[in-house]
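*Asks:* Just one file: query23.txt, with compact mmCIF, C-alpha atoms.
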```txt
# COMPACT_ATOMS: atom_id res chain seq x y z
CA MET A 264 89.16 -14.00 -4.70
CA SER A 265 86.56 -16.47 -3.44
CA ASP A 266 87.66 -19.98 -2.55
CA ARG A 267 84.28 -21.34 -3.61
CA ASP A 268 84.21 -23.83 -6.43
CA PRO A 269 81.05 -22.99 -8.40
CA VAL A 270 79.63 -24.97 -11.29
CA GLY A 271 77.12 -24.19 -14.00
CA THR A 272 76.55 -21.18 -16.17
CA ASP A 273 74.01 -18.39 -15.85
CA ALA A 274 71.97 -20.22 -18.49
CA ASP A 275 71.95 -23.32 -16.30
CA ARG A 276 70.70 -21.28 -13.36
CA ALA A 277 68.04 -19.62 -15.49
CA LEU A 278 66.81 -22.99 -16.69
CA TRP A 279 66.65 -24.28 -13.14
CA ALA A 280 64.72 -21.18 -12.10
CA ARG A 281 62.20 -21.74 -14.88
CA LEU A 282 61.72 -25.32 -13.82
CA LYS A 283 61.11 -24.26 -10.25
CA ALA A 284 58.48 -21.80 -11.46
CA GLY A 285 56.51 -24.57 -13.12
CA ALA A 286 53.46 -26.29 -11.71
CA PRO A 287 54.29 -28.19 -8.52
CA ALA A 288 54.54 -31.92 -8.92
CA THR A 289 53.42 -34.32 -6.24
CA ARG A 290 56.31 -36.66 -6.76
CA ALA A 291 57.56 -36.58 -3.17
CA ALA A 292 54.15 -37.61 -1.88
CA ARG A 293 54.25 -40.67 -4.14
CA LEU A 294 57.70 -41.73 -3.02
CA PRO A 295 58.02 -44.27 -0.23
CA PRO A 296 59.02 -42.76 3.11
CA VAL A 297 62.64 -42.78 4.23
CA PHE A 298 63.11 -43.55 7.89
CA ASP A 299 65.80 -42.14 10.16
CA GLU A 300 67.88 -45.30 10.20
CA GLU A 301 67.89 -45.46 6.39
CA LEU A 302 68.96 -41.86 6.14
CA ALA A 303 71.72 -42.44 8.68
CA ALA A 304 72.88 -45.47 6.70
CA TRP A 305 72.90 -43.38 3.51
CA LEU A 306 74.91 -40.63 5.19
CA ASP A 307 77.42 -43.27 6.24
CA GLY A 308 77.54 -44.66 2.69
CA ARG A 309 76.34 -48.07 3.86
CA LEU A 310 73.32 -48.53 1.61
CA ALA A 311 73.19 -50.74 -1.46
CA PRO A 312 72.87 -48.81 -4.76
CA ASP A 313 69.12 -49.35 -5.18
CA ALA A 314 68.37 -48.36 -1.59
CA ALA A 315 70.68 -45.35 -1.92
CA ALA A 316 68.87 -44.26 -5.09
CA ARG A 317 65.56 -44.42 -3.24
CA VAL A 318 66.92 -42.17 -0.49
CA GLU A 319 68.42 -39.77 -3.05
CA ALA A 320 65.10 -39.57 -4.90
CA ARG A 321 63.43 -38.57 -1.66
CA LEU A 322 66.14 -36.02 -0.85
CA ALA A 323 65.83 -34.48 -4.29
CA ALA A 324 62.05 -34.23 -4.04
CA ASP A 325 61.58 -33.36 -0.37
CA PRO A 326 63.33 -30.21 0.84
CA ALA A 327 62.49 -30.92 4.48
CA MET A 328 64.21 -34.29 4.25
CA LEU A 329 67.19 -32.65 2.56
CA ASP A 330 67.38 -30.11 5.41
CA LEU A 331 67.44 -32.99 7.86
CA ALA A 332 70.24 -34.75 5.98
CA LEU A 333 72.34 -31.60 5.61
CA ASP A 334 71.95 -30.68 9.29
CA ALA A 335 72.81 -34.19 10.44
CA ALA A 336 75.87 -34.40 8.18
CA ALA A 337 77.09 -30.99 9.32
CA ALA A 338 76.51 -31.80 12.99
CA VAL A 339 78.64 -34.93 12.74
CA GLN A 340 81.46 -32.75 11.39
CA GLU A 341 80.95 -30.15 14.13
CA ALA A 342 80.92 -32.70 16.93
CA ALA A 343 84.55 -31.97 17.72
CA VAL A 344 83.34 -28.93 19.66
CA PRO A 345 82.68 -29.99 23.27
CA ALA A 346 79.14 -29.62 24.61
CA PRO A 347 78.50 -27.33 27.60
CA ASP A 348 79.19 -29.00 30.96
CA ARG A 349 75.71 -28.16 32.22
CA LEU A 350 74.15 -30.10 29.34
CA VAL A 351 76.27 -33.15 30.16
CA ALA A 352 75.42 -32.88 33.88
CA ARG A 353 71.69 -32.49 33.24
CA ALA A 354 71.55 -35.34 30.74
CA GLN A 355 73.53 -37.66 33.01
CA ALA A 356 71.13 -36.89 35.85
CA LEU A 357 68.27 -38.32 33.79
CA VAL A 358 69.33 -41.80 34.86
CA GLY A 359 69.71 -42.28 38.61
CA PHE A 360 71.94 -44.57 40.64
CA ASP A 361 68.88 -46.45 41.93
CA VAL A 362 68.35 -47.82 38.42
CA GLU A 363 71.91 -49.07 38.40
CA GLN A 364 71.48 -50.75 41.78
CA GLN A 365 68.32 -52.49 40.67
CA LYS A 366 69.97 -53.67 37.49
CA ALA A 367 73.19 -54.64 39.22
CA ARG A 368 71.63 -57.06 41.66
CA PRO A 369 69.40 -59.47 39.80
CA PRO A 370 68.47 -62.61 41.75
CA ALA A 371 70.66 -65.59 40.91
CA GLY A 372 70.14 -69.39 40.81
CA PRO A 373 66.86 -70.70 42.27
CA LEU A 374 65.94 -67.16 43.32
CA ALA A 375 65.95 -66.08 39.69
CA TRP A 376 63.46 -68.85 38.90
CA LEU A 377 61.33 -67.78 41.88
CA ALA A 378 61.44 -64.17 40.75
CA ARG A 379 60.12 -65.09 37.31
CA TRP A 380 57.20 -67.08 38.76
CA ARG A 381 56.64 -64.88 41.79
CA ARG A 382 53.17 -63.64 40.88
CA SER A 383 51.89 -67.10 39.90
CA LEU A 384 53.30 -68.57 43.07
CA GLU A 385 51.62 -65.91 45.17
CA ILE A 386 48.23 -66.69 43.62
CA ALA A 387 48.74 -70.44 44.03
CA VAL A 388 49.71 -70.10 47.71
CA VAL A 389 46.67 -67.94 48.52
CA ALA A 390 44.32 -70.33 46.68
CA GLY A 391 45.85 -73.33 48.46
CA ALA A 392 45.53 -71.70 51.86
CA PHE A 393 41.87 -70.92 51.18
CA ALA A 394 41.19 -74.51 50.20
CA VAL A 395 42.92 -75.84 53.32
CA VAL A 396 40.89 -73.55 55.57
CA CYS A 397 37.61 -74.63 53.92
CA VAL A 398 38.35 -78.35 54.09
CA THR A 399 39.71 -78.24 57.62
CA GLY A 400 36.79 -76.21 58.92
CA PHE A 401 34.27 -78.56 57.30
CA SER A 402 36.03 -81.62 58.69
CA LEU A 403 36.11 -80.16 62.20
CA GLY A 404 32.36 -79.65 61.91
CA GLY A 405 31.87 -83.40 61.37
CA GLY A 406 31.90 -83.69 57.64
CA VAL A 407 29.08 -84.67 55.33
CA GLN A 408 27.88 -87.81 57.15
CA GLU A 409 27.42 -86.20 60.53
CA ALA A 410 25.67 -83.22 59.04
CA PHE A 411 23.26 -85.55 57.18
CA ALA A 412 22.58 -87.63 60.27
CA SER A 413 21.87 -84.54 62.31
CA ASP A 414 19.47 -83.20 59.72
CA THR A 415 17.59 -86.60 59.54
CA ALA A 416 17.16 -86.73 63.30
CA GLU A 417 15.79 -83.23 63.43
CA VAL A 418 13.28 -83.96 60.69
CA ALA A 419 12.20 -87.25 62.36
CA ASP A 420 11.26 -85.34 65.51
CA PHE A 421 8.50 -83.60 63.61
CA ILE A 422 7.02 -86.71 61.96
CA PRO A 423 4.41 -88.52 64.23
CA ALA A 424 4.48 -92.30 64.55
CA PRO A 425 1.57 -94.18 62.83
CA LEU A 426 -1.57 -94.70 65.06
CA THR A 427 -2.20 -98.13 66.52
CA ALA A 428 -5.67 -99.91 66.33
CA SER A 429 -6.48 -99.19 70.01
CA GLU A 430 -5.65 -95.51 69.51
CA ILE A 431 -7.96 -95.41 66.49
CA GLY A 432 -10.70 -97.10 68.49
CA PHE A 433 -10.22 -94.54 71.27
CA PHE A 434 -10.68 -91.66 68.90
CA VAL A 435 -13.78 -93.30 67.37
CA ASP A 436 -15.29 -93.70 70.82
CA GLN A 437 -14.59 -90.11 71.71
CA GLY A 438 -16.20 -88.98 68.49
CA GLY A 439 -19.32 -91.11 69.10
CA GLN A 440 -19.90 -89.45 72.46
CA MET B 268 86.69 -36.33 24.84
CA ALA B 269 84.59 -39.48 25.25
CA SER B 270 84.27 -41.70 22.22
CA PHE B 271 81.43 -43.80 20.88
CA ASP B 272 83.89 -46.68 20.75
CA ASP B 273 83.81 -46.83 24.57
CA ILE B 274 80.06 -47.46 24.65
CA ASP B 275 78.76 -50.90 25.56
CA LEU B 276 75.40 -50.79 23.76
CA ARG B 277 73.94 -53.82 25.50
CA ALA B 278 74.78 -52.43 28.92
CA LEU B 279 73.50 -49.01 27.86
CA VAL B 280 70.06 -50.24 26.84
CA ALA B 281 69.98 -52.49 29.90
CA GLY B 282 69.97 -49.35 32.01
CA GLY B 283 73.40 -49.02 33.61
CA LYS B 284 74.08 -45.61 35.14
CA ARG B 285 77.80 -45.67 34.33
CA ASP B 286 77.05 -46.66 30.71
CA TRP B 287 74.49 -43.87 30.42
CA ASP B 288 77.01 -41.33 31.75
CA ARG B 289 79.61 -42.52 29.26
CA PHE B 290 77.05 -42.36 26.45
CA VAL B 291 76.02 -38.81 27.40
CA ALA B 292 79.65 -37.66 27.42
CA ALA B 293 80.18 -39.09 23.93
CA ALA B 294 76.84 -38.04 22.45
CA ALA B 295 76.51 -34.54 23.89
CA PRO B 296 78.78 -32.82 21.31
CA VAL B 297 76.90 -34.17 18.28
CA ILE B 298 73.46 -33.65 19.82
CA HIS B 299 74.38 -30.14 20.91
CA ALA B 300 75.71 -29.41 17.41
CA VAL B 301 72.37 -30.49 15.95
CA ALA B 302 70.49 -28.38 18.49
CA ARG B 303 72.61 -25.31 17.67
CA ARG B 304 71.87 -25.67 13.96
CA VAL B 305 68.14 -26.22 14.49
CA VAL B 306 67.64 -23.26 16.83
CA ALA B 307 69.63 -21.02 14.51
CA ALA B 308 67.58 -22.13 11.49
CA HIS B 309 64.32 -21.39 13.29
CA GLY B 310 65.26 -18.03 14.75
CA VAL B 311 65.36 -19.24 18.34
CA PRO B 312 68.01 -17.79 20.71
CA VAL B 313 71.13 -19.96 20.67
CA GLU B 314 71.05 -20.25 24.49
CA GLU B 315 68.05 -22.53 24.07
CA ALA B 316 70.17 -25.12 22.29
CA VAL B 317 70.95 -26.72 25.67
CA ASP B 318 67.24 -27.17 26.42
CA VAL B 319 66.66 -28.59 22.96
CA ALA B 320 69.57 -31.01 23.38
CA GLN B 321 68.34 -31.99 26.84
CA ASP B 322 64.95 -32.86 25.33
CA VAL B 323 66.70 -35.15 22.87
CA PHE B 324 68.34 -37.01 25.76
CA VAL B 325 64.96 -37.25 27.51
CA ARG B 326 63.50 -38.85 24.38
CA LEU B 327 66.41 -41.26 24.12
CA CYS B 328 65.93 -42.63 27.63
CA ALA B 329 62.11 -42.40 27.78
CA ASP B 330 59.99 -45.56 28.01
CA ASP B 331 62.91 -47.70 29.10
CA ARG B 332 65.12 -46.37 26.25
CA ARG B 333 62.64 -47.36 23.56
CA LEU B 334 64.16 -45.01 20.97
CA LEU B 335 67.73 -45.99 21.78
CA LYS B 336 66.82 -49.65 21.37
CA THR B 337 65.85 -49.02 17.73
CA TYR B 338 69.49 -48.28 16.85
CA ASP B 339 71.07 -51.00 14.73
CA PRO B 340 74.89 -50.80 14.67
CA ALA B 341 74.93 -52.91 11.49
CA ARG B 342 73.18 -50.16 9.54
CA ALA B 343 74.83 -46.90 10.59
CA SER B 344 77.40 -45.49 12.97
CA LEU B 345 76.05 -44.34 16.33
CA GLY B 346 77.16 -40.74 15.75
CA THR B 347 75.36 -40.41 12.43
CA TRP B 348 72.24 -42.15 13.71
CA LEU B 349 72.18 -39.84 16.72
CA ALA B 350 72.57 -36.78 14.51
CA VAL B 351 69.58 -37.81 12.38
CA VAL B 352 67.39 -38.76 15.34
CA ALA B 353 68.42 -35.66 17.30
CA ARG B 354 67.56 -33.44 14.37
CA SER B 355 64.04 -34.91 14.13
CA CYS B 356 63.56 -34.62 17.92
CA ALA B 357 64.87 -31.03 17.95
CA VAL B 358 62.49 -29.89 15.21
CA ASP B 359 59.62 -31.60 17.04
CA HIS B 360 60.63 -29.84 20.26
CA LEU B 361 60.57 -26.42 18.60
CA ARG B 362 57.26 -27.16 16.93
CA ARG B 363 55.67 -28.12 20.27
CA ARG B 364 57.25 -25.13 21.97
CA ARG B 365 55.87 -22.80 19.33
CA GLN B 366 52.38 -24.30 19.65
CA ALA B 367 52.53 -23.91 23.42
CA HIS B 368 53.72 -20.31 23.42
CA ALA B 369 51.91 -18.62 20.57
CA SER B 370 48.77 -18.83 18.51
CA LEU B 371 49.24 -19.28 14.78
CA ASP B 372 48.17 -15.69 14.12
CA GLU B 373 51.01 -14.36 16.24
CA VAL B 374 53.69 -16.35 14.42
CA PRO B 375 55.36 -14.48 11.58
CA GLU B 376 55.12 -16.30 8.28
CA SER B 377 58.89 -16.52 7.99
CA ALA B 378 59.06 -18.53 11.23
CA ILE B 379 56.87 -21.30 9.83
CA ALA B 380 58.49 -21.26 6.42
CA PHE B 381 60.09 -24.64 7.00
CA GLU B 382 56.62 -26.19 6.99
CA ASP B 383 56.03 -24.77 3.55
CA ARG B 384 59.19 -26.26 2.17
CA HIS B 385 57.36 -29.59 2.05
CA VAL B 386 55.25 -28.34 -0.84
CA GLU B 387 58.09 -26.89 -2.92
CA ARG B 388 58.42 -29.21 -5.91
CA LEU B 389 60.22 -29.24 -9.23
CA ASN B 390 58.27 -29.69 -12.41
CA ILE B 391 60.65 -32.16 -13.99
CA PRO B 392 59.12 -35.21 -15.65
CA PRO B 393 59.69 -38.36 -13.62
CA GLY B 394 62.58 -40.40 -14.95
CA LEU B 395 64.19 -37.57 -16.89
CA LEU B 396 66.97 -37.23 -14.33
CA THR B 397 68.47 -39.91 -12.18
CA GLU B 398 67.98 -39.55 -8.41
CA ARG B 399 71.61 -38.56 -8.04
CA GLN B 400 71.40 -35.95 -10.83
CA ALA B 401 68.29 -34.37 -9.31
CA LEU B 402 69.95 -34.27 -5.89
CA VAL B 403 73.12 -32.69 -7.26
CA LEU B 404 71.10 -29.92 -8.94
CA ARG B 405 69.20 -29.34 -5.71
CA LEU B 406 72.40 -29.01 -3.73
CA LEU B 407 74.13 -26.74 -6.23
CA TYR B 408 71.26 -24.41 -7.08
CA ASP B 409 68.69 -24.53 -4.27
CA ARG B 410 71.22 -24.84 -1.44
CA ASP B 411 73.84 -22.73 -3.18
CA MET B 412 76.56 -25.25 -2.39
CA ASP B 413 79.78 -25.24 -4.30
CA VAL B 414 81.18 -28.38 -5.88
CA ALA B 415 83.42 -29.25 -2.94
CA GLU B 416 80.57 -28.96 -0.43
CA ALA B 417 78.24 -31.09 -2.53
CA ALA B 418 80.99 -33.65 -3.03
CA ALA B 419 81.64 -33.83 0.71
CA PHE B 420 77.95 -34.31 1.44
CA LEU B 421 77.61 -37.04 -1.19
CA LYS B 422 80.96 -38.58 -0.26
CA VAL B 423 82.19 -38.49 -3.86
CA ASP B 424 84.98 -36.51 -5.52
CA ALA B 425 84.46 -33.06 -7.00
CA GLN B 426 84.88 -34.29 -10.56
CA THR B 427 81.97 -36.71 -10.10
CA VAL B 428 79.76 -33.80 -9.03
CA ARG B 429 80.83 -31.76 -12.08
CA SER B 430 80.17 -34.67 -14.38
CA THR B 431 76.78 -35.44 -12.80
CA HIS B 432 75.79 -31.79 -13.10
CA HIS B 433 76.88 -31.63 -16.73
CA LYS B 434 74.90 -34.73 -17.73
CA ALA B 435 71.84 -33.50 -15.86
CA MET B 436 71.87 -30.14 -17.63
CA LEU B 437 72.29 -31.83 -21.01
CA ARG B 438 69.20 -33.93 -20.37
CA LEU B 439 67.18 -30.93 -19.22
CA ARG B 440 68.20 -28.81 -22.20
CA ASP B 441 67.46 -31.64 -24.56
CA HIS B 442 64.07 -32.29 -22.99
CA PHE B 443 63.02 -28.64 -22.98
CA ARG B 444 64.72 -27.92 -26.35
CA ILE B 445 66.92 -25.22 -24.92
CA GLU B 446 70.21 -24.14 -26.49
CA ALA B 447 73.16 -24.02 -24.10
```
Taking this structure as input, can you express it in the form of structure tokens?

*Replies:*
Amino acid sequence: MSDRDPVGTDADRALWARLKAGAPATRAARLPPVFDEELAAWLDGRLAPDAAARVEARLAADPAMLDLALDAAAAVQEAAVPAPDRLVARAQALVGFDVEQQKARPPAGPLAWLARWRRSLEIAVVAGAFAVVCVTGFSLGGGVQEAFASDTAEVADFIPAPLTASEIGFFVDQGGQ
Amino acid sequence: MASFDDIDLRALVAGGKRDWDRFVAAAAPVIHAVARRVVAAHGVPVEEAVDVAQDVFVRLCADDRRLLKTYDPARASLGTWLAVVARSCAVDHLRRRRQAHASLDEVPESAIAFEDRHVERLNIPPGLLTERQALVLRLLYDRDMDVAEAAAFLKVDAQTVRSTHHKAMLRLRDHFRIEA
């Protein structure tokens, strides 16, 4: 004798079969999606009645979603069977000890502040150094005043002094001859 | 066996090696159970369940544990959430594997039948059955569950399933004018 606990008559099954043979409805496509976390909450019985009804509507209309729910529920029950050691070893190897070391030694105190602003500080230091080099080099060269004075003197060398009256007379005489 | 109760979630998502190892020890049985069911349902050799489960762990720790960080302990238990997420990841893994190894013409129709299940719909007028009634009929007739199995899945007692089924059939018969 089977230990199954069936329900429904042959007439019930026949009716259900006739309904399945009818034109396909697009009800599932119109239903809002159910996300993984909602389904997990429903499986745990943690959803409010209206949210649970929404999930159940989706499960009733979407066989793929129902497969997901049935597999997940069954897997939770089957989890008493230990996983193969090689799976555990491979999965544990996905995260290395170097990650732990980096996470285990965060800078503390003022160093933590420096670490947060490290990039900005680097840019500021380089910009400051560039400005110091420019200013210092310009100052060593004499600055603006000396450069202006030097330029004026050089220009003055090329400008002749105005002619005196005797010099004009000399040129007039030379031209007359 | 390791327990989910031993897991420090904040330390886990922060990236601790010891916390990851503890998490793997606790999660491996449920993720492997999901992988076993998925490979069996899709006609893949059961030996590949380890690879499928490993891919789930890869997804969980990828992108600085982006997927793991979406878990909200206030909404569901870690074991149930992992089972749901692992199932989605495992089906994705097999889908990608199938695309990589065979052209669509080479795949027997039965192997891609689970894609077609999306379009299987009942022609029952909206609102005729409650969501729970429709789900109970699905479980009992489409999935060939017995009352105890359906009750366990829905976390209700067997009598509630019987009663829900009875009311649903009454509504259907009444709507379609069918004698019992």

*Asks:* Can you pull out the residues contacting B:Ala294? Cut-off 8 Å, using only C-alpha atoms, and skip same-chain residues under 4 positions away; I want them as a ChimeraX atom specification.

*Replies:* /B:271,290,298,346,349

*Asks:* Using only C-alpha atoms, which of B:Ala367, B:Met436, B:Val319, B:Leu361 sits nearest chain A?

*Replies:* B:Met436

*Asks:* Within 7 Å of chain A, which residues belong to chain B? Use only C-alpha atoms and report them as a PyMOL selection string.

*Replies:* chain B and resi 282-284+287-288+291-292+295-297+299-301+304+317+321+324+342-343+346-348+350-352+354+384-385+387-391+398-399+401-402+405+413-415+429+436+447

*Asks:* Atom CA of B:Pro312 to atom CA of B:Leu345: how many Å, to one decimal?

*Replies:*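 Those two atoms sit 28.1 Å apart.
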
*Asks:* Between atom CA of B:Ala341 and atom CA of B:Ala278, what is the distance in Å, rounded to a tenth?

*Replies:* 17.4 Å

*Asks:* Could you tell me how far atom CA of B:Val280 lies from atom CA of B:Arg332, in Å and to one decimal?

*Replies:*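 Atom CA of B:Arg332 lies at a distance of 6.3 Å from atom CA of B:Val280.
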
*Asks:* Taking into account all atoms listed in the file, which residue in the set B:Ala417, B:Asp318, B:Ala269, B:Leu279 is nearest to B:Arg333?

*Replies:*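 With all atoms listed in the file as the atom set, the closest residue is B:Leu279.
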
*Asks:* Go through A:Val389, A:Asp313, A:Ser383, A:Cys397 and flag the residue nearest B:Thr397, using all atoms listed in the file for the distances.

*Replies:*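 For B:Thr397, the nearest of the candidates is A:Asp313.
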
*Asks:* Kindly reconstruct stretch 304-337 of chain A with N, CA and C atoms and present the result as a short mmCIF file (atom, residue, chain, number, x, y, z; two decimals), in the coordinates of the input.

*Replies:*
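The result, stored in out_1.cif:
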```cif
data_model
loop_
_atom_site.label_atom_id
_atom_site.label_comp_id
_atom_site.auth_asym_id
_atom_site.auth_seq_id
_atom_site.Cartn_x
_atom_site.Cartn_y
_atom_site.Cartn_z
N ALA A 304 72.08 -44.50 7.47
CA ALA A 304 72.88 -45.47 6.70
C ALA A 304 73.36 -44.84 5.39
N TRP A 305 72.50 -44.05 4.76
CA TRP A 305 72.90 -43.38 3.51
C TRP A 305 74.02 -42.38 3.78
N LEU A 306 73.87 -41.62 4.85
CA LEU A 306 74.91 -40.63 5.19
C LEU A 306 76.25 -41.31 5.45
N ASP A 307 76.19 -42.51 5.99
CA ASP A 307 77.42 -43.27 6.24
C ASP A 307 77.90 -44.02 5.00
N GLY A 308 77.15 -43.95 3.91
CA GLY A 308 77.54 -44.66 2.69
C GLY A 308 77.42 -46.16 2.80
N ARG A 309 76.46 -46.63 3.63
CA ARG A 309 76.34 -48.07 3.86
C ARG A 309 75.18 -48.72 3.12
N LEU A 310 74.47 -47.94 2.30
CA LEU A 310 73.32 -48.53 1.61
C LEU A 310 73.72 -49.14 0.27
N ALA A 311 73.01 -50.16 -0.13
CA ALA A 311 73.19 -50.74 -1.46
C ALA A 311 72.72 -49.72 -2.50
N PRO A 312 73.21 -49.83 -3.76
CA PRO A 312 72.87 -48.81 -4.76
C PRO A 312 71.38 -48.55 -4.95
N ASP A 313 70.55 -49.59 -4.96
CA ASP A 313 69.12 -49.35 -5.18
C ASP A 313 68.48 -48.64 -3.99
N ALA A 314 68.90 -49.03 -2.78
CA ALA A 314 68.37 -48.36 -1.59
C ALA A 314 68.87 -46.92 -1.52
N ALA A 315 70.12 -46.71 -1.92
CA ALA A 315 70.68 -45.35 -1.92
C ALA A 315 69.94 -44.47 -2.92
N ALA A 316 69.60 -45.03 -4.07
CA ALA A 316 68.87 -44.26 -5.09
C ALA A 316 67.49 -43.84 -4.58
N ARG A 317 66.88 -44.74 -3.81
CA ARG A 317 65.56 -44.42 -3.24
C ARG A 317 65.67 -43.24 -2.26
N VAL A 318 66.71 -43.27 -1.44
CA VAL A 318 66.92 -42.17 -0.49
C VAL A 318 67.22 -40.88 -1.25
N GLU A 319 68.05 -40.97 -2.29
CA GLU A 319 68.42 -39.77 -3.05
C GLU A 319 67.21 -39.19 -3.79
N ALA A 320 66.32 -40.06 -4.26
CA ALA A 320 65.10 -39.57 -4.90
C ALA A 320 64.27 -38.77 -3.91
N ARG A 321 64.20 -39.27 -2.70
CA ARG A 321 63.43 -38.57 -1.66
C ARG A 321 64.10 -37.23 -1.32
N LEU A 322 65.41 -37.26 -1.19
CA LEU A 322 66.14 -36.02 -0.85
C LEU A 322 65.97 -34.97 -1.93
N ALA A 323 65.97 -35.42 -3.18
CA ALA A 323 65.83 -34.48 -4.29
C ALA A 323 64.42 -33.89 -4.36
N ALA A 324 63.44 -34.68 -3.89
CA ALA A 324 62.05 -34.23 -4.04
C ALA A 324 61.48 -33.61 -2.77
N ASP A 325 62.14 -33.79 -1.65
CA ASP A 325 61.58 -33.36 -0.37
C ASP A 325 62.57 -32.45 0.35
N PRO A 326 62.37 -31.14 0.24
CA PRO A 326 63.33 -30.21 0.84
C PRO A 326 63.48 -30.37 2.36
N ALA A 327 62.40 -30.74 3.03
CA ALA A 327 62.49 -30.92 4.48
C ALA A 327 63.43 -32.08 4.82
N MET A 328 63.33 -33.14 4.03
CA MET A 328 64.21 -34.29 4.25
C MET A 328 65.66 -33.90 3.92
N LEU A 329 65.84 -33.09 2.91
CA LEU A 329 67.19 -32.65 2.56
C LEU A 329 67.77 -31.77 3.67
N ASP A 330 66.93 -30.92 4.25
CA ASP A 330 67.38 -30.11 5.41
C ASP A 330 67.87 -31.02 6.52
N LEU A 331 67.08 -32.05 6.78
CA LEU A 331 67.44 -32.99 7.86
C LEU A 331 68.82 -33.61 7.57
N ALA A 332 68.98 -34.08 6.34
CA ALA A 332 70.24 -34.75 5.98
C ALA A 332 71.43 -33.79 6.06
N LEU A 333 71.23 -32.57 5.59
CA LEU A 333 72.34 -31.60 5.61
C LEU A 333 72.70 -31.22 7.05
N ASP A 334 71.68 -31.01 7.88
CA ASP A 334 71.95 -30.68 9.29
C ASP A 334 72.67 -31.82 10.00
N ALA A 335 72.20 -33.04 9.76
CA ALA A 335 72.81 -34.19 10.44
C ALA A 335 74.27 -34.36 9.99
N ALA A 336 74.50 -34.25 8.69
CA ALA A 336 75.87 -34.40 8.18
C ALA A 336 76.78 -33.31 8.74
N ALA A 337 76.28 -32.08 8.80
CA ALA A 337 77.09 -30.99 9.32
C ALA A 337 77.36 -31.17 10.82
#
```
